[in-house]
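**Student:** For reference, the structure I am asking about is given below.
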Amino acid sequence: MTRQRRGQKVRPERDQAADCERVRELLARLTELLYRIGHPRAEEVAGLIEAFDTNAPAAWRALDGNAWWAGAGSLAAESMVEPARLPSSERALAMQEFRALLIDLAELLRERGPTNPGLSSWLLAFRNWEASGV
């Protein structure tokens with residue numbers, strides 16, 4: 001019997017198949033957006049979708065990694081750079097979509113348990129920007 005520490009929340013069992021299905025769908029939408037805006041990491045994100053089919057635990061670790069959530073050069077940070085490839089009238093909407101997808105991915109990661117330390121800061125920033133229409 002596993003003992004619970006005081007103040008520690010008991011997490012309900014996750015439906016791993018449903019989580020994998022949801023993350024694949026979000027990553028597919030993100031991949032399509034990244035290709036559309038000409039983002040250099042589109043192939044990397046597309047590859048992560050395949051990783052969920054072959055080694056889901058490693059794929060979850062990659063998704064929660066520094067390359068996604070830790071500072072300058074992370075995919076989260078790159079969501080602040082408007083894509084020059086798009087007409088200026090489409091750039092803001094594309095960036096809002098980019099950040100909305102990252103919010104959904106971050107929330108899914110948080111539901112699954114502890115996350116990358118940088119994730120919570122990005123999630124807060126994205127939510128604030130979304131609320132203010134940025």
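Lettering and numbering for the structure tokens are positional, with chains as A, B, ... in the shown order, residues counted from 1 in each chain, and ligands counted from 1 in the shown order.
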Need to verify the contact set: range 49-66 of chain A, 10 Å, only C-alpha atoms, exclusion of same-chain residues closer than 2 positions in sequence. Can you return it as an MDAnalysis selection string?

**Tutor:** chainID A and resid 16 20:21 23:28 31 44:47 68:76 105:106 109:110 112 114:119

**Student:** May I have all residues of range 64-103 of chain A that DSSP, computed from the backbone, assigns to helix (DSSP H, G or I), given as a list in words?

**Tutor:** Asn66, Ala67, Trp68, Trp69, Leu75, Ala76, Ala77, Glu78, Ser88, Ser89, Glu90, Arg91, Ala92, Leu93, Ala94, Met95, Gln96, Glu97, Phe98, Arg99, Ala100, Leu101, Leu102 and Ile103 of chain A

**Student:** Would you put the residues from that selection into a file with C-alpha atoms, as an mmCIF file, in the first residue's frame?

**Tutor:**
```
data_model
loop_
_atom_site.group_PDB
_atom_site.id
_atom_site.type_symbol
_atom_site.label_atom_id
_atom_site.label_comp_id
_atom_site.auth_asym_id
_atom_site.auth_seq_id
_atom_site.Cartn_x
_atom_site.Cartn_y
_atom_site.Cartn_z
ATOM 1 C CA ASN A 66 13.831 22.292 -22.280
ATOM 2 C CA ALA A 67 13.641 22.474 -26.073
ATOM 3 C CA TRP A 68 9.935 23.206 -25.625
ATOM 4 C CA TRP A 69 9.733 25.239 -22.411
ATOM 5 C CA LEU A 75 9.630 26.500 -28.960
ATOM 6 C CA ALA A 76 7.591 28.516 -26.449
ATOM 7 C CA ALA A 77 9.945 31.484 -26.894
ATOM 8 C CA GLU A 78 9.816 31.130 -30.649
ATOM 9 C CA SER A 88 1.375 41.059 -42.137
ATOM 10 C CA SER A 89 -2.420 40.819 -41.920
ATOM 11 C CA GLU A 90 -2.156 37.088 -41.030
ATOM 12 C CA ARG A 91 0.779 37.154 -38.616
ATOM 13 C CA ALA A 92 -1.021 38.047 -35.369
ATOM 14 C CA LEU A 93 -3.676 35.397 -35.922
ATOM 15 C CA ALA A 94 -1.020 32.753 -36.618
ATOM 16 C CA MET A 95 0.820 33.667 -33.414
ATOM 17 C CA GLN A 96 -2.414 33.475 -31.411
ATOM 18 C CA GLU A 97 -3.029 30.009 -32.866
ATOM 19 C CA PHE A 98 0.572 28.992 -32.081
ATOM 20 C CA ARG A 99 0.231 30.067 -28.455
ATOM 21 C CA ALA A 100 -3.247 28.521 -28.099
ATOM 22 C CA LEU A 101 -1.829 25.163 -29.174
ATOM 23 C CA LEU A 102 1.044 25.522 -26.713
ATOM 24 C CA ILE A 103 -1.495 26.323 -23.962
#
```

**Student:** Nearest to Val81 in chain A among A:Ile37, A:Ser121, A:Glu107, A:Gly113, with distances taken over only C-alpha atoms: which residue is it?

**Tutor:**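 The shortest atom-to-atom distance to Val81 in chain A comes from A:Ile37.
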
**Student:** Report, in Å with one decimal, the straight-line distance from CA of Pro40 in chain A to CA of Trp122 in chain A.

**Tutor:** 20.6 Å

**Student:** Determine the nearest neighbour of Gly38 in chain A from the options A:Asp19, A:Leu86, A:Leu124, A:Glu130, counting only C-alpha atoms.

**Tutor:**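 Smallest distance to Gly38 in chain A is found for A:Leu86.
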